[in-house]
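Report on the structure given below.
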Amino acid sequence: MPSDLVIIGAGIAGLCSAYYARRRGLSVTVLERNAAGADACSTGNAGMIVPGDFVPLASPGMISTGLRSMWNPESPFYLRPRADPDLVEWCWRFFRASNAKRADAAGPILTAAQMDSRALFVALSEQAGLDFGLQQRGLTMICATPHALEKKAALLDKAKALGTRATLLDADGVRALNPGVEIACLGGLHFPDDCFLDPRRLLEALHRAVEDAGVEIRHGVSVTGWQRRGRVIRAVQTDHGEVEGKQFALAAGSWSPRVSAGLDAHLPMQAGKGYSMTLEQPPAMPTVSAILVEAKVAVTPMGRRLRFGGTMEITGLDESISQRRVDGIIKSAGQYFPQFPASAFAGTPVWRGLRPCSPDGLPFVGRLRKHDNVLVATGHAMLGVSMGPITGEIIAKLANGDKPPAYAAAFDPDRYN
Ligand SMILES: Cc1cc2nc3c(=O)[nH]c(=O)nc-3n(C[C@H](O)[C@H](O)[C@H](O)COP(=O)(O)OP(=O)(O)OC[C@H]3O[C@@H](n4cnc5c(N)ncnc54)[C@H](O)[C@@H]3O)c2cc1C
């Protein structure tokens, strides 16, 4: 008997879709090419839930920042030039989206979706058996230079207009939030409603919850193609044979464009590689999560452990680790937190993940126009965890024939088709 919904990919987007679809009574199968417990982008990230982050990746100033960083091997941003028409198209669309008008239009949509997602996270964390270390303690964007602090201060009015609580802090204010931590900074912008969690615990909890609810998760099964009957997809081909379904959801992260080959779909996406390192015994423990603004490094307490994450390398699906850029993260950590010299990171394993990046900073979440029974849930870039639950909720509503929130129209997966 075909499942009501077959989901491709067991990252945060796929598992949240499975969770909310099953809660609506749909039968669900998840196909994941990796073994259970393997690393994906959804496990080693910074685990921040950021309704206060309403500025999309494509925003004014990003192009010049990117060009300036290109020649610095330790910079947090890098784009490897290559003769690839997909990259050329993505860069062109990113360039077109990086202006104040488009960023201002994206702001209210990102805020509304992330506020809804935050509320779903809180509800999830209150369910028995779903403990993933959710901390509702806020996030501070810490600035070390007057220029960065001025730029963040300029966001204050926009944040308020969007209904986002935010406070501008001086250096003592930043330190007061993190007793016992030496912080070299001029101040910061604090978002008290942002949250953080341990993403691996979240994935494990969701995995258990959906399996307990009757979802079949098939690991080690890679989707290789689509079986069509006219506009309708009847089954996916996999390396373990065909899997039939009534509806399908493509949630294969950075590999989604590749998996979508054979569909009448066009998902311009690039993988944005990032690294993280998790200190098991940090020399000091911040109380709230932080973005080190100039360095673009995320810092997240996870129980007794502390995670530093950063860099955005547009280098295709290459998963190799650039030690120079990892060194850049370590150096920045010591500049903001003098208690964290490079020696504090000695021997710490480096994790890497590929963020699925759309060109305009909005995800692709919705139904494909040319295939009545295919849904898409990808392209969240730096917001995949933060928007995980609302993504799952939208997919589940669409799969069940319910109306999604109005803002989901902006996530149309056919907007470039
Ligand atoms: C350093 C770093 C820090 C980050 N910090 C944050 C943060 O603080 N907050 C936040 O919101 N986001 C953050 N992100 C981004 C976030 O991690 C991603 O947006 C999110 O994990 C993407 O989830 P996904 O489910 O779309 O993709 P993935 O997690 O990549 O999952 C896709 C899955 O699809 C599977 N798959 C691929 N191809 C196939 C196939 N052919 N058949 C079957 N299965 C397939 C893959 O194996 C994979 O398991 C960070 C990312 C990085 C790199």
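A note on labels: chains of the structure tokens are A, B, ... as shown, every chain counts residues from 1, and ligands are counted from 1 in their shown order.
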
*asked:* When you look at Val215 in chain A with a cut-off of 10 Å (counting only C-alpha atoms), what residues show up, excluding the ones that are within fewer than 5 positions of it in the same chain? I need them as a ChimeraX atom specification.
replied: /A:3,15,18-19,21-22,26-30,207-210

*asked:* Quick one: residues within 8 Å of His371 in chain A, only C-alpha atoms, excluding same-chain residues fewer than 5 positions away - as a ChimeraX atom specification?
replied: /A:231-233,263-264

Output file for the selection above: all heavy atoms, as a PDB file, in the first residue's frame:
```
ATOM      1  N   ARG A 231       1.510  14.143 -15.334  1.00  0.00           N
ATOM      2  CA  ARG A 231       2.039  15.139 -14.387  1.00  0.00           C
ATOM      3  C   ARG A 231       2.221  14.563 -12.986  1.00  0.00           C
ATOM      4  O   ARG A 231       2.801  15.199 -12.109  1.00  0.00           O
ATOM      5  CB  ARG A 231       1.044  16.305 -14.280  1.00  0.00           C
ATOM      6  CG  ARG A 231       1.112  17.284 -15.441  1.00  0.00           C
ATOM      7  CD  ARG A 231      -0.227  17.975 -15.630  1.00  0.00           C
ATOM      8  NE  ARG A 231      -0.678  18.645 -14.419  1.00  0.00           N
ATOM      9  CZ  ARG A 231      -0.696  19.965 -14.269  1.00  0.00           C
ATOM     10  NH1 ARG A 231      -0.300  20.740 -15.233  1.00  0.00           N
ATOM     11  NH2 ARG A 231      -1.130  20.518 -13.162  1.00  0.00           N
ATOM     12  N   VAL A 232       1.686  13.369 -12.803  1.00  0.00           N
ATOM     13  CA  VAL A 232       1.695  12.796 -11.453  1.00  0.00           C
ATOM     14  C   VAL A 232       2.911  11.878 -11.284  1.00  0.00           C
ATOM     15  O   VAL A 232       3.254  11.110 -12.178  1.00  0.00           O
ATOM     16  CB  VAL A 232       0.383  12.005 -11.231  1.00  0.00           C
ATOM     17  CG1 VAL A 232       0.412  11.250  -9.905  1.00  0.00           C
ATOM     18  CG2 VAL A 232      -0.807  12.948 -11.287  1.00  0.00           C
ATOM     19  N   ILE A 233       3.565  11.995 -10.130  1.00  0.00           N
ATOM     20  CA  ILE A 233       4.664  11.072  -9.825  1.00  0.00           C
ATOM     21  C   ILE A 233       4.061   9.858  -9.117  1.00  0.00           C
ATOM     22  O   ILE A 233       3.348   9.990  -8.120  1.00  0.00           O
ATOM     23  CB  ILE A 233       5.715  11.764  -8.923  1.00  0.00           C
ATOM     24  CG1 ILE A 233       6.314  12.975  -9.643  1.00  0.00           C
ATOM     25  CG2 ILE A 233       6.794  10.781  -8.508  1.00  0.00           C
ATOM     26  CD1 ILE A 233       7.068  12.700 -10.921  1.00  0.00           C
ATOM     27  N   LEU A 263      12.390  16.004 -12.822  1.00  0.00           N
ATOM     28  CA  LEU A 263      11.122  16.700 -12.533  1.00  0.00           C
ATOM     29  C   LEU A 263      11.099  17.991 -13.336  1.00  0.00           C
ATOM     30  O   LEU A 263      12.154  18.549 -13.651  1.00  0.00           O
ATOM     31  CB  LEU A 263      11.041  17.077 -11.050  1.00  0.00           C
ATOM     32  CG  LEU A 263      10.862  15.967 -10.031  1.00  0.00           C
ATOM     33  CD1 LEU A 263      10.884  16.566  -8.618  1.00  0.00           C
ATOM     34  CD2 LEU A 263       9.560  15.222 -10.280  1.00  0.00           C
ATOM     35  N   ASP A 264       9.906  18.487 -13.624  1.00  0.00           N
ATOM     36  CA  ASP A 264       9.818  19.801 -14.247  1.00  0.00           C
ATOM     37  C   ASP A 264       9.885  20.836 -13.133  1.00  0.00           C
ATOM     38  O   ASP A 264       8.876  21.407 -12.705  1.00  0.00           O
ATOM     39  CB  ASP A 264       8.509  19.908 -15.049  1.00  0.00           C
ATOM     40  CG  ASP A 264       8.549  21.088 -15.992  1.00  0.00           C
ATOM     41  OD1 ASP A 264       9.432  21.953 -15.811  1.00  0.00           O
ATOM     42  OD2 ASP A 264       7.709  21.148 -16.895  1.00  0.00           O
TER      43      ASP A 264
END
```

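Coordinates place CA of Tyr336 in chain A at a distance of 15.2 Å from CA of Ala176 in chain A.
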
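Near Lys331 in chain A, within 10 Å and counting only C-alpha atoms, sit Glu74, Ala295, Arg325, Val326, Asp327, Gly328, Ile329, Ala333, Gly334, Gln335, Tyr336, Phe337, Phe340, Pro341 and Ala342 of chain A; same-chain residues fewer than 2 positions away were not included.
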
*Residues within 7 Å of ligand 1, counting only C-alpha atoms and all ligand atoms, as a PyMOL selection string*: chain A and resi 8-14+31-34+40-49+221-224+251-256+259+273-276+309-311+352-356+377-387

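For the choices A:Pro179, A:Gly129, A:Pro60, A:Pro51, the atom-to-atom distance to Ala159 in chain A is smallest for A:Pro51 when using only C-alpha atoms.
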
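Of the listed residues (A:Thr140, A:Ser117, A:Thr300, A:Ser322), A:Ser117 comes nearest to Cys16 in chain A; the distances count only C-alpha atoms.
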
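Using only C-alpha atoms, the nearest neighbour of Arg305 in chain A within the list A:Ile63, A:Leu110, A:Met285, A:Leu189 is A:Met285.
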
*Which of range 331-368 of chain A DSSP labels strand (DSSP E), written as a PyMOL selection string*: chain A and resi 351-357+364-367

_Report as number ranges by chain all protein, DNA and RNA residues lying within 9 Å of Phe364 in chain A, evaluated on only C-alpha atoms, omitting residues in the same chain fewer than 2 positions from it._
A: 267, 358, 362, 366, 376-380, 410-415

*Just the alpha helix (DSSP H) stuff from range 134-340 of chain A, please, per backbone DSSP, written as a PyMOL selection string.*
chain A and resi 146-153+155-161+171-176+199-212+256-259+323-336

_List the spatial neighbours of Ala119 in chain A as a VMD selection string - criterion: any atom at most 12 Å away, only C-alpha atoms, same-chain residues fewer than 3 positions off excluded._
chain A and resid 49 to 51 112 to 116 122 to 126 134 136 193 to 195 386 to 390 393

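Taking only C-alpha atoms into account, Trp90 in chain A lies nearest to A:Gln270 out of the set A:Asn373, A:Ser289, A:Gln270, A:Thr167.
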